[in-house]
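Novice: If it helps, the file is called query-v5.txt and holds compact mmCIF, C-alpha atoms:
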# COMPACT_ATOMS: atom_id res chain seq x y z
CA MET A 275 0.00 0.00 0.00
CA ASP A 276 2.95 2.34 0.47
CA GLY A 277 3.65 2.20 -3.22
CA GLY A 278 1.79 4.84 -5.13
CA THR A 279 0.78 6.79 -2.03
CA GLN A 280 2.76 9.89 -1.12
CA MET A 281 4.65 9.42 2.12
CA THR A 282 3.43 12.85 3.20
CA THR A 283 -0.09 11.42 3.32
CA PRO A 284 -0.92 10.60 6.94
CA MET A 285 -1.10 6.83 7.27
CA LEU A 286 -2.51 4.22 9.61
CA ARG A 287 -1.84 0.55 10.20
CA GLY A 288 -4.25 -1.75 8.41
CA TYR A 289 -5.42 -3.42 11.60
CA THR A 290 -6.66 -0.14 13.08
CA VAL A 291 -8.67 0.56 9.93
CA LYS A 292 -10.04 -2.98 10.08
CA GLN A 293 -10.95 -2.62 13.76
CA THR A 294 -12.72 0.66 13.01
CA ALA A 295 -14.83 -1.11 10.39
CA ASP A 296 -15.43 -4.00 12.81
CA PHE A 297 -16.68 -1.54 15.45
CA VAL A 298 -19.07 0.11 13.01
CA GLU A 299 -20.40 -3.31 12.00
CA SER A 300 -20.62 -4.57 15.59
CA SER A 301 -23.84 -4.62 17.57
CA TYR A 302 -22.98 -1.26 19.19
CA PHE A 303 -25.17 0.57 16.67
CA GLU A 304 -28.59 -0.41 15.34
CA PRO A 305 -28.45 -2.30 12.01
CA GLN A 306 -29.80 0.64 9.98
CA VAL A 307 -27.18 2.98 11.52
CA ARG A 308 -24.36 0.54 10.69
CA ARG A 309 -25.64 0.25 7.13
CA LYS A 310 -25.86 4.02 6.74
CA ILE A 311 -22.30 4.60 7.97
CA MET A 312 -20.89 1.92 5.69
CA GLU A 313 -22.94 3.02 2.67
CA ASN A 314 -21.72 6.60 3.04
CA LEU A 315 -18.04 5.62 2.91
CA PRO A 316 -16.04 6.77 -0.12
CA THR A 317 -15.77 4.18 -2.89
CA ASP A 318 -12.02 3.66 -2.45
CA VAL A 319 -12.49 2.89 1.26
CA LYS A 320 -15.27 0.39 0.54
CA ALA A 321 -13.08 -1.30 -2.06
CA ALA A 322 -10.06 -1.47 0.27
CA LEU A 323 -11.78 -2.82 3.39
CA PRO A 324 -11.95 -6.51 2.43
CA HIS A 325 -8.26 -6.58 1.48
CA LEU A 326 -6.59 -4.83 4.44
CA LYS A 327 -3.37 -6.34 5.76
CA PRO A 328 -2.75 -5.76 9.48
CA ALA A 329 0.82 -4.43 9.34
CA GLU A 330 0.58 -2.43 6.12
CA TRP A 331 -0.04 1.31 5.99
CA TYR A 332 -3.19 2.86 4.56
CA PRO A 333 -4.33 6.47 4.20
CA ARG A 334 -5.62 7.88 7.48
CA ASP A 335 -8.77 8.98 5.67
CA TYR A 336 -9.89 5.33 5.51
CA ALA A 337 -10.47 5.27 9.28
CA MET A 338 -11.42 8.93 9.53
CA SER A 339 -14.35 8.55 7.15
CA MET A 340 -15.73 5.93 9.54
CA LEU A 341 -14.93 8.07 12.62
CA ARG A 342 -16.91 10.92 11.08
CA GLY A 343 -19.76 8.50 10.50
CA ILE A 344 -19.63 7.41 14.16
CA ALA A 345 -19.55 11.02 15.40
CA ASN A 346 -22.40 12.07 13.12
CA VAL A 347 -24.80 9.44 14.48
CA LYS A 348 -25.63 11.62 17.52
CA ASN A 349 -23.97 14.77 16.20
CA ASP A 350 -23.68 16.49 19.58
CA ASP A 351 -20.78 16.90 21.99
CA VAL A 352 -22.07 14.46 24.62
CA GLY A 353 -23.58 11.73 22.45
CA SER A 354 -20.76 11.72 19.92
CA TYR A 355 -18.17 11.77 22.74
CA ASN A 356 -19.70 8.61 24.24
CA ASP A 357 -19.81 6.81 20.89
CA LEU A 358 -16.21 7.76 20.07
CA LEU A 359 -15.12 6.69 23.55
CA ALA A 360 -16.77 3.31 23.02
CA TYR A 361 -14.95 3.05 19.71
CA GLY A 362 -11.58 3.81 21.37
CA SER A 363 -12.20 1.15 24.04
CA TRP A 364 -13.19 -1.36 21.35
CA VAL A 365 -9.99 -0.81 19.35
CA ALA A 366 -7.87 -0.98 22.52
CA THR A 367 -9.58 -4.20 23.64
CA GLU A 368 -9.12 -5.81 20.24
CA ALA A 369 -5.45 -4.83 20.02
CA THR A 370 -4.55 -5.84 23.55
CA ASN A 371 -6.36 -9.16 23.28
CA THR A 372 -4.18 -10.10 20.35
CA PHE A 373 -0.78 -8.62 19.53
CA LEU A 374 -0.24 -6.59 22.70
CA LYS A 375 -1.48 -9.13 25.23
CA LEU A 376 1.90 -10.04 26.74
CA PHE A 377 3.10 -6.45 26.56
CA MET A 378 0.13 -5.12 28.54
CA LYS A 379 0.53 -7.86 31.11
CA ILE A 380 3.79 -6.52 32.50
CA LEU A 381 3.09 -2.79 32.40
CA THR A 382 2.81 -0.45 35.37
CA PRO A 383 0.91 2.85 35.03
CA THR A 384 4.17 4.75 34.64
CA LEU A 385 5.53 2.32 32.08
CA PHE A 386 2.23 2.33 30.20
CA ALA A 387 2.27 6.12 30.06
CA LYS A 388 5.92 6.13 28.93
CA LYS A 389 5.09 3.70 26.12
CA VAL A 390 2.02 5.58 24.86
CA PRO A 391 4.10 7.84 22.51
CA GLU A 392 5.84 4.78 21.05
CA MET A 393 2.57 2.91 20.65
CA TRP A 394 1.05 5.93 18.91
CA LEU A 395 3.92 6.13 16.40
CA ARG A 396 3.69 2.36 15.91
CA ASP A 397 0.25 2.77 14.35
CA HIS A 398 0.21 6.35 13.02
CA ARG A 399 2.41 8.18 10.53
CA GLY A 400 2.02 11.89 10.03
CA SER A 401 -0.55 12.30 12.80
CA GLY A 402 1.55 14.08 15.39
CA THR A 403 2.95 12.74 18.64
CA PHE A 404 1.94 11.98 22.20
CA GLU A 405 3.64 13.88 25.03
CA VAL A 406 3.41 12.37 28.50
CA ASP A 407 4.05 13.72 31.97
CA VAL A 408 4.63 10.84 34.42
CA SER A 409 5.88 12.92 37.32
CA ARG A 410 2.56 12.60 39.21
CA THR A 411 1.83 8.89 38.84
CA ASP A 412 2.49 8.41 42.58
CA ASN A 413 -0.47 10.71 43.19
CA GLY A 414 -2.68 8.77 40.81
CA ARG A 415 -2.41 11.23 37.92
CA ILE A 416 -0.93 11.26 34.44
CA GLY A 417 -0.93 14.19 32.07
CA MET A 418 -0.84 13.61 28.30
CA ARG A 419 -1.06 15.71 25.14
CA LEU A 420 -1.74 14.65 21.60
CA VAL A 421 0.03 17.27 19.52
CA GLY A 422 -0.13 17.76 15.76
CA ALA A 423 -2.96 15.40 14.81
CA ASP A 424 -4.54 18.28 12.89
CA GLY A 425 -7.05 17.08 10.36
CA PHE A 426 -7.57 13.72 12.06
CA ASP A 427 -11.16 14.30 13.13
CA HIS A 428 -12.29 12.77 16.44
CA ILE A 429 -9.13 10.75 17.10
CA GLY A 430 -8.63 12.80 20.26
CA ILE A 431 -11.66 11.14 21.87
CA ALA A 432 -10.88 7.69 20.52
CA ALA A 433 -7.51 8.01 22.30
CA ILE A 434 -9.31 8.42 25.64
CA GLY A 435 -10.83 4.98 25.16
CA PHE A 436 -7.35 3.60 24.67
CA ILE A 437 -5.87 5.41 27.69
CA THR A 438 -8.73 4.29 29.93
CA PHE A 439 -8.52 0.72 28.75
CA GLY A 440 -4.73 0.71 29.18
CA LEU A 441 -4.86 1.99 32.77
CA ASN A 442 -7.57 -0.53 33.62
CA ALA A 443 -5.46 -3.26 32.06
CA VAL A 444 -2.48 -2.40 34.28
CA GLY A 445 -4.70 -2.82 37.32
CA LYS A 446 -5.93 0.71 38.07
CA GLN A 447 -9.51 1.26 39.21
CA GLY A 448 -11.78 4.27 39.07
CA VAL A 449 -9.98 5.56 36.00
CA GLN A 450 -11.21 8.93 34.75
CA VAL A 451 -9.79 10.75 31.73
CA VAL A 452 -10.73 14.37 31.13
CA GLN A 453 -9.88 16.00 27.82
CA SER A 454 -9.75 19.56 26.64
CA GLY A 455 -9.51 20.72 23.06
CA TRP A 456 -12.00 18.48 21.22
CA SER A 457 -15.60 19.29 20.45
CA MET A 458 -17.86 18.56 17.50
CA ALA A 459 -17.13 22.13 16.36
CA THR A 460 -13.34 21.54 16.61
CA PRO A 461 -12.96 17.81 15.85
CA SER A 462 -9.21 17.90 15.21
CA PRO A 463 -7.51 20.66 17.21
CA HIS A 464 -3.72 21.00 17.10
CA VAL A 465 -3.52 19.91 20.74
CA VAL A 466 -5.78 17.65 22.78
CA SER A 467 -4.83 17.57 26.47
CA TYR A 468 -5.68 14.73 28.83
CA GLU A 469 -5.66 14.40 32.58
CA ALA A 470 -5.97 10.77 33.66
CA THR A 471 -6.71 9.93 37.29
CA TRP A 472 -7.45 6.76 39.22
CA THR A 473 -8.55 5.94 42.73
CA GLN A 474 -6.35 2.91 43.51
CA MET B 43 3.63 -11.09 36.82
CA ASP B 44 0.64 -9.31 38.38
CA SER B 45 2.73 -8.82 41.48
CA VAL B 46 5.04 -6.48 39.54
CA LYS B 47 2.23 -3.93 39.46
CA ASN B 48 1.82 -3.90 43.20
CA ILE B 49 5.38 -3.68 44.50
CA GLU B 50 7.91 -0.89 44.62
CA LEU B 51 10.56 -1.50 41.97
CA THR B 52 14.16 -0.45 42.25
CA GLU B 53 15.60 1.67 39.46
CA VAL B 54 17.44 -1.33 38.02
CA GLU B 55 14.29 -3.45 38.15
CA GLN B 56 12.36 -0.70 36.40
CA ARG B 57 14.99 -0.50 33.66
CA ILE B 58 14.82 -4.27 33.19
CA LEU B 59 11.02 -4.18 33.11
CA GLU B 60 11.13 -1.40 30.52
CA SER B 61 13.56 -3.41 28.39
CA VAL B 62 11.30 -6.46 28.59
CA ALA B 63 8.36 -4.24 27.61
CA ASP B 64 10.40 -2.99 24.62
CA ALA B 65 11.09 -6.56 23.58
CA LEU B 66 7.43 -7.58 23.92
CA LEU B 67 6.30 -4.56 21.90
CA VAL B 68 8.69 -5.44 19.08
CA LEU B 69 7.55 -9.08 19.23
CA ALA B 70 3.95 -7.84 19.10
CA ASN B 71 4.85 -5.98 15.89
CA VAL B 72 6.28 -9.18 14.44
CA GLY B 73 3.10 -10.96 15.56
CA PHE B 74 0.94 -8.84 13.29
CA GLY B 75 3.32 -8.99 10.37
CA ASP B 76 5.65 -6.00 10.77
CA TYR B 77 9.21 -7.27 10.38
CA ALA B 78 10.82 -3.84 10.23
CA SER B 79 11.02 -3.28 14.00
CA ARG B 80 14.31 -3.94 15.79
CA LEU B 81 15.41 -3.65 19.42
CA PRO B 82 18.10 -1.06 20.22
CA ILE B 83 21.52 -2.61 20.83
CA ASP B 84 24.36 -0.87 22.65
CA PRO B 85 27.59 -2.46 21.34
CA ASN B 86 29.41 -1.51 24.56
CA ASP B 87 26.85 -3.22 26.77
CA ASN B 88 27.62 -6.86 27.54
CA SER B 89 24.60 -7.49 29.72
CA PRO B 90 22.44 -10.59 29.21
CA LEU B 91 19.56 -8.38 28.04
CA THR B 92 21.69 -7.02 25.19
CA SER B 93 22.47 -10.58 24.12
CA LEU B 94 18.77 -11.42 24.31
CA PHE B 95 17.92 -8.36 22.20
CA ALA B 96 20.57 -9.30 19.63
CA GLY B 97 19.09 -12.81 19.47
CA ILE B 98 15.56 -11.44 19.00
CA ASN B 99 16.78 -9.09 16.25
CA GLU B 100 18.50 -11.97 14.45
CA MET B 101 15.34 -14.05 14.70
CA ILE B 102 13.27 -11.19 13.24
CA SER B 103 15.76 -10.80 10.37
CA ALA B 104 15.52 -14.51 9.61
CA LEU B 105 11.73 -14.38 9.73
CA SER B 106 11.76 -11.31 7.50
CA ALA B 107 13.93 -13.09 4.91
CA GLU B 108 11.67 -16.13 5.03
CA GLU B 109 8.60 -13.91 4.64
CA GLU B 110 10.17 -12.23 1.60
CA ARG B 111 10.92 -15.65 0.07
CA SER B 112 7.37 -16.75 0.76
CA ARG B 113 5.99 -13.59 -0.90
CA SER B 114 8.25 -14.18 -3.87
CA TYR B 115 6.94 -17.77 -4.23
CA GLN B 116 3.40 -16.47 -3.91
CA ARG B 117 4.00 -13.88 -6.64
CA GLU B 118 5.48 -16.57 -8.91
CA LEU B 119 2.55 -18.85 -8.20
CA GLU B 120 0.05 -16.08 -8.93
CA GLU B 121 1.82 -15.30 -12.22
CA LYS B 122 1.71 -18.98 -13.17
CA LEU B 123 -1.96 -19.21 -12.28
CA ALA B 124 -2.63 -16.11 -14.41
CA THR B 125 -0.76 -17.71 -17.33
CA ILE B 126 -2.73 -20.93 -16.91
CA GLU B 127 -5.96 -18.93 -16.88
CA GLN B 128 -4.94 -17.10 -20.08
CA GLN B 129 -4.01 -20.40 -21.70
CA LYS B 130 -7.31 -21.89 -20.61
CA VAL B 131 -9.18 -19.04 -22.30
CA ALA B 132 -7.05 -19.46 -25.44
CA ILE B 133 -7.67 -23.22 -25.48
CA GLN B 134 -11.40 -22.65 -25.04
CA GLU B 135 -11.42 -20.28 -27.99
CA LEU B 136 -9.39 -22.67 -30.09
CA SER B 137 -11.52 -25.63 -29.07
CA THR B 138 -14.62 -24.08 -30.61
CA PRO B 139 -13.54 -22.82 -34.03
CA ILE B 140 -16.64 -21.85 -36.00
CA MET B 141 -16.03 -21.59 -39.73
CA GLU B 142 -18.36 -20.50 -42.49
CA VAL B 143 -17.50 -23.25 -45.00
CA TRP B 144 -20.10 -22.26 -47.56
CA ASP B 145 -22.56 -19.48 -48.00
CA GLY B 146 -24.93 -19.84 -45.01
CA VAL B 147 -23.28 -23.06 -43.80
CA LEU B 148 -21.30 -23.07 -40.54
CA CYS B 149 -19.05 -25.88 -39.39
CA VAL B 150 -17.78 -26.66 -35.86
CA PRO B 151 -15.24 -29.46 -35.57
CA VAL B 152 -15.31 -30.78 -31.99
CA VAL B 153 -12.23 -32.41 -30.52
CA GLY B 154 -11.72 -33.80 -27.04
CA LEU B 155 -14.07 -34.05 -24.08
CA MET B 156 -17.42 -32.28 -23.91
CA ASP B 157 -18.41 -31.17 -20.45
CA THR B 158 -21.24 -28.91 -19.37
CA ALA B 159 -19.12 -25.75 -19.33
CA ARG B 160 -17.67 -26.36 -22.78
CA SER B 161 -21.03 -27.33 -24.17
CA SER B 162 -22.58 -24.16 -22.82
CA GLU B 163 -19.80 -21.99 -24.30
CA MET B 164 -20.02 -23.81 -27.61
CA THR B 165 -23.81 -23.38 -27.78
CA SER B 166 -23.54 -19.65 -27.04
CA ALA B 167 -20.78 -19.14 -29.62
CA LEU B 168 -22.62 -21.17 -32.24
CA LEU B 169 -25.95 -19.40 -31.71
CA ARG B 170 -24.17 -16.04 -31.96
CA ALA B 171 -22.48 -17.11 -35.18
CA VAL B 172 -25.76 -18.39 -36.67
CA VAL B 173 -27.39 -14.99 -36.07
CA GLU B 174 -24.37 -12.93 -37.18
CA ASN B 175 -23.87 -14.92 -40.38
CA GLY B 176 -27.56 -15.48 -41.13
CA ALA B 177 -26.69 -19.18 -41.40
CA ARG B 178 -29.19 -21.76 -42.61
CA CYS B 179 -27.22 -24.71 -41.39
CA ALA B 180 -24.74 -25.52 -38.62
CA ILE B 181 -22.71 -28.71 -39.00
CA ILE B 182 -21.22 -30.10 -35.81
CA ASP B 183 -18.47 -32.54 -36.70
CA ILE B 184 -17.61 -34.96 -33.90
CA THR B 185 -15.00 -37.02 -35.75
CA GLY B 186 -12.54 -35.98 -33.00
CA ILE B 187 -14.68 -37.32 -30.17
CA ASP B 188 -13.84 -40.84 -29.03
CA VAL B 189 -16.29 -41.32 -26.20
CA MET B 190 -19.85 -40.11 -25.83
CA ASP B 191 -22.04 -40.58 -22.80
CA THR B 192 -25.66 -39.68 -22.15
CA ARG B 193 -24.75 -36.25 -20.88
CA THR B 194 -22.72 -35.43 -24.02
CA VAL B 195 -25.56 -36.58 -26.27
CA ASP B 196 -27.94 -34.45 -24.22
CA HIS B 197 -25.66 -31.44 -24.82
CA PHE B 198 -25.87 -31.94 -28.60
CA ILE B 199 -29.64 -32.44 -28.55
CA ARG B 200 -30.09 -29.18 -26.64
CA MET B 201 -27.69 -27.43 -29.00
CA ALA B 202 -29.66 -28.67 -32.04
CA LYS B 203 -32.97 -27.54 -30.50
CA ALA B 204 -31.58 -24.06 -29.80
CA ILE B 205 -30.27 -23.74 -33.36
CA ARG B 206 -33.63 -24.83 -34.79
CA LEU B 207 -35.33 -22.12 -32.74
CA LEU B 208 -33.25 -19.61 -34.68
CA GLY B 209 -34.57 -20.99 -37.96
CA ALA B 210 -31.45 -22.91 -38.92
CA GLU B 211 -30.78 -26.60 -39.21
CA CYS B 212 -28.32 -28.51 -37.09
CA VAL B 213 -26.45 -31.48 -38.51
CA LEU B 214 -24.27 -33.92 -36.64
CA THR B 215 -21.48 -35.59 -38.64
CA GLY B 216 -18.55 -37.91 -38.03
CA ILE B 217 -20.26 -40.33 -35.66
CA SER B 218 -17.84 -43.22 -35.21
CA PRO B 219 -19.04 -46.85 -35.19
CA HIS B 220 -18.13 -47.05 -31.51
CA ILE B 221 -20.24 -44.00 -30.66
CA ALA B 222 -23.11 -45.26 -32.82
CA GLN B 223 -23.04 -48.53 -30.87
CA THR B 224 -22.99 -46.67 -27.58
CA VAL B 225 -25.91 -44.44 -28.57
CA VAL B 226 -28.01 -47.47 -29.55
CA HIS B 227 -26.89 -49.50 -26.52
CA MET B 228 -27.85 -46.74 -24.17
CA GLY B 229 -31.17 -46.16 -25.89
CA LEU B 230 -30.41 -42.51 -26.55
CA ASP B 231 -32.80 -40.67 -28.83
CA LEU B 232 -31.09 -38.78 -31.65
CA THR B 233 -34.06 -38.95 -34.02
CA ASN B 234 -34.61 -35.20 -33.91
CA VAL B 235 -31.02 -34.51 -34.94
CA VAL B 236 -30.07 -34.77 -38.61
CA THR B 237 -26.96 -36.92 -39.00
CA HIS B 238 -24.53 -37.58 -41.85
CA ARG B 239 -21.70 -40.05 -42.05
CA SER B 240 -19.05 -37.43 -42.68
CA LEU B 241 -18.53 -33.70 -42.93
CA ARG B 242 -17.99 -34.16 -46.67
CA ASP B 243 -21.42 -35.83 -47.10
CA ALA B 244 -23.16 -33.07 -45.19
CA LEU B 245 -21.37 -30.35 -47.14
CA GLN B 246 -22.15 -32.01 -50.46
CA GLN B 247 -25.83 -32.13 -49.62
CA TYR B 248 -26.05 -28.52 -48.50
CA VAL B 249 -23.91 -27.19 -51.31
CA SER B 250 -25.98 -29.01 -53.94
CA ARG B 251 -29.15 -27.87 -52.19
CA GLY B 252 -27.82 -24.30 -52.30
CA ILE B 253 -26.98 -24.56 -56.01
CA ALA B 254 -30.41 -26.06 -56.74
CA THR B 255 -32.10 -23.22 -54.84
CA SER B 256 -30.15 -20.52 -56.69
CA THR B 257 -30.78 -22.21 -60.11
CA ALA B 258 -34.50 -22.41 -59.40
CA ALA B 259 -34.48 -18.75 -58.44
Could you render the structure as structure tokens?

Specialist:
Amino acid sequence: MDGGTQMTTPMLRGYTVKQTADFVESSYFEPQVRRKIMENLPTDVKAALPHLKPAEWYPRDYAMSMLRGIANVKNDDVGSYNDLLAYGSWVATEATNTFLKLFMKILTPTLFAKKVPEMWLRDHRGSGTFEVDVSRTDNGRIGMRLVGADGFDHIGIAAIGFITFGLNAVGKQGVQVVQSGWSMATPSPHVVSYEATWTQ
Amino acid sequence: MDSVKNIELTEVEQRILESVADALLVLANVGFGDYASRLPIDPNDNSPLTSLFAGINEMISALSAEEERSRSYQRELEEKLATIEQQKVAIQELSTPIMEVWDGVLCVPVVGLMDTARSSEMTSALLRAVVENGARCAIIDITGIDVMDTRTVDHFIRMAKAIRLLGAECVLTGISPHIAQTVVHMGLDLTNVVTHRSLRDALQQYVSRGIATSTAA
């Protein structure tokens, strides 16, 4: 897939695109909603979906067209946030149940947070970077920033699903992640900031 | 390993844990088919972890080479399959040559085995040719067929019926004594299909009929 596509085009791993499609087609949405999202996808995305290879890179737009579809189901800050959060948790669950299972098993909250930037770059090209502040993990807090994912609509909320799932997976309870930057009016700000907390 | 999450780790233990996490992340990449990832190696570090990392990197390189070989074989195989498919199409075209041997008279020499797919293609091609050429007669010559079973006979009967529906006549020629015996032995009904001993006989009849028609006109 790299061949023929400009390397300046933001790219995503095939398995994340596939998982996005799997989420849309899961029982999360009503059948008519699923059908509508899939029917509204651009022709090239529809054609590519059955042939995706997990490790190969595909244009970011493939997943983003589905993310826009997910966000537009409710089309308001609260409803869309919840749907995008569910999507992020779904992708994180799928990934950690397969390739990342052993990796997640040994992580501590600090180590998880330290690895988030690397894990982001592992699956995204040209969609900015994650910055992490782990100085307050002893107090049950981690600060993160997704910087430079301009144009990648709604990924900022999907990332919360991943962060929440990751902290739960390393044994933390009462995990809360608060974001600032995203809204339906500004779906892909230059910076999305996160404050993750947990109770124990 | 769950205990790791609940105990205070020393700095050295944390570094080791981070290195193990690095290794597992790279192995996870290999697990989903990305063979480009490698673990960082410090040439001045003689610790067991460095040796382990070097071993993992070597294993990934070997897997990567094997994967490339496998892809190469797959490409070769796909090319061969494409060639076979092209040849199959060419053979199919060659196996149903339809010639206009006289004005309004088409001839199809059939060689080899007749199966349902070939019969269907032959019928379609022949019907098309009958219409395009405004043919009055289609001669199917089966001199090149050694064995005929009920299904093959059924194919020819259907073909003849379809040709008659277009207002042309269908003639079967070149029936070998062995096939004639088989047809009779099996009780197959070819009464609705005009037959001639050879292609020459059929041609002679239709050519003379054509001359007679044009003379009368």

Novice: Using all atoms listed in the file, pick whichever of A:Met458, A:Ala329, A:Ile431, A:Met340 has the shortest atom-to-atom distance to chain B.

Specialist: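 Comparing A:Met458, A:Ala329, A:Ile431, A:Met340 against chain B, the winner is A:Ala329.
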
Novice: Given the choices A:Leu381, A:Tyr336, A:Ile416, A:Lys446, which gets closest to A:Gln474 if the distance is worked out from only C-alpha atoms?

Specialist: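 Residue with the minimum atom-to-atom distance to A:Gln474: A:Lys446.
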
Novice: What residues in chain B lie within 7 Å of chain A, counting only C-alpha atoms, written as a PDB file with C-alpha atoms, in the coordinates of the input?

Specialist:
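Contents of iface_36.pdb, as written:
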ATOM      1  CA  MET B  43       3.630 -11.090  36.820  1.00  0.00           C
ATOM      2  CA  LYS B  47       2.230  -3.930  39.460  1.00  0.00           C
ATOM      3  CA  GLU B  60      11.130  -1.400  30.520  1.00  0.00           C
ATOM      4  CA  ALA B  63       8.360  -4.240  27.610  1.00  0.00           C
ATOM      5  CA  LEU B  66       7.430  -7.580  23.920  1.00  0.00           C
ATOM      6  CA  LEU B  67       6.300  -4.560  21.900  1.00  0.00           C
ATOM      7  CA  ALA B  70       3.950  -7.840  19.100  1.00  0.00           C
ATOM      8  CA  GLY B  73       3.100 -10.960  15.560  1.00  0.00           C
ATOM      9  CA  PHE B  74       0.940  -8.840  13.290  1.00  0.00           C
ATOM     10  CA  GLY B  75       3.320  -8.990  10.370  1.00  0.00           C
ATOM     11  CA  ASP B  76       5.650  -6.000  10.770  1.00  0.00           C
TER      12      ASP B  76
END

Novice: Pick out the closest residue to A:Met312 from this set: A:Ser339, A:Gln450, A:Ser409, A:Gln293. Count all atoms listed in the file.

Specialist: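 Of the candidates, the smallest distance to A:Met312 is held by A:Ser339.
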
Novice: Quick one: residues within 9 Å of B:Ala204, all atoms listed in the file counted, chain neighbours fewer than 5 positions away excluded, as JSON, numbers by chain?

Specialist: {"B": [165, 169, 199]}

Novice: Using atom CA of B:Pro85 and atom CA of A:Asp397 as the two end points, give the distance in Å to one decimal.

Specialist: 28.7 Å

Novice: Neighbouring residues of B:Pro151 were defined as those with any atom within 9 Å, considering only C-alpha atoms; residues of the same chain fewer than 6 positions away were excluded. Please report them as a list of chain:residue names.

Specialist: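 Listed by chain and then number, they are B:Ser137, B:Thr138, B:Pro139, B:Ile140, B:Met141, B:Ile181, B:Ile182, B:Asp183, B:Ile184, B:Thr185, B:Gly186.
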
Novice: Rank nothing, just name the residue among A:Gly402, A:Pro324, A:Gly353, A:Gly435 nearest to A:Val365, using only C-alpha atoms.

Specialist: A:Gly435

Novice: So that I can see what lies close to A:Glu469, please list as a PDB file with C-alpha atoms, keeping the file's coordinate frame the residues with an atom at most 10 Å from it, counting only C-alpha atoms and leaving out residues fewer than 3 positions away in the same chain.

Specialist:
ATOM      1  CA  ASP A 407       4.050  13.720  31.970  1.00  0.00           C
ATOM      2  CA  ARG A 415      -2.410  11.230  37.920  1.00  0.00           C
ATOM      3  CA  ILE A 416      -0.930  11.260  34.440  1.00  0.00           C
ATOM      4  CA  GLY A 417      -0.930  14.190  32.070  1.00  0.00           C
ATOM      5  CA  MET A 418      -0.840  13.610  28.300  1.00  0.00           C
ATOM      6  CA  ARG A 419      -1.060  15.710  25.140  1.00  0.00           C
ATOM      7  CA  ILE A 434      -9.310   8.420  25.640  1.00  0.00           C
ATOM      8  CA  GLN A 450     -11.210   8.930  34.750  1.00  0.00           C
ATOM      9  CA  VAL A 451      -9.790  10.750  31.730  1.00  0.00           C
ATOM     10  CA  VAL A 452     -10.730  14.370  31.130  1.00  0.00           C
ATOM     11  CA  GLN A 453      -9.880  16.000  27.820  1.00  0.00           C
ATOM     12  CA  SER A 454      -9.750  19.560  26.640  1.00  0.00           C
TER      13      SER A 454
END

Novice: How far is it from atom CA of A:Pro284 to atom CA of A:Ala337, in Å with one decimal?

Specialist: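 Pair atom CA of A:Pro284 / atom CA of A:Ala337 returns 11.2 Å.
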
Novice: Restricting the calculation to all atoms listed in the file: of B:Ala210, B:Ala167, B:Ala107, B:Met228, which residue gets closest to B:Val147?

Specialist: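 The closest residue to B:Val147 is B:Ala210.
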
Novice: With distances taken over only C-alpha atoms, which residue among B:Ala202, B:Ala222, B:Ala159, B:Met164 lies nearest B:Met190?

Specialist: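 Nearest candidate to B:Met190 out of B:Ala202, B:Ala222, B:Ala159, B:Met164: B:Ala222.
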
Novice: Using all atoms listed in the file, determine which residues lie at most 12 Å from B:Glu110, disregarding the query and same-chain residues fewer than 5 positions distant; provide the list as number ranges by chain.

Specialist: B: 75-77, 103-105, 115-117

Novice: Grab the atom CA of A:Lys348 to atom CA of A:Pro316 distance for me, in Å with one decimal place.

Specialist: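 Separation of atom CA of A:Lys348 and atom CA of A:Pro316: 20.7 Å.
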
Novice: Would you kindly return, as a count of residues only, each protein, DNA or RNA residue with an atom no farther than 7 Å from any atom of A:Tyr361, considering only C-alpha atoms and excluding same-chain residues fewer than 4 positions away?

Specialist: 4
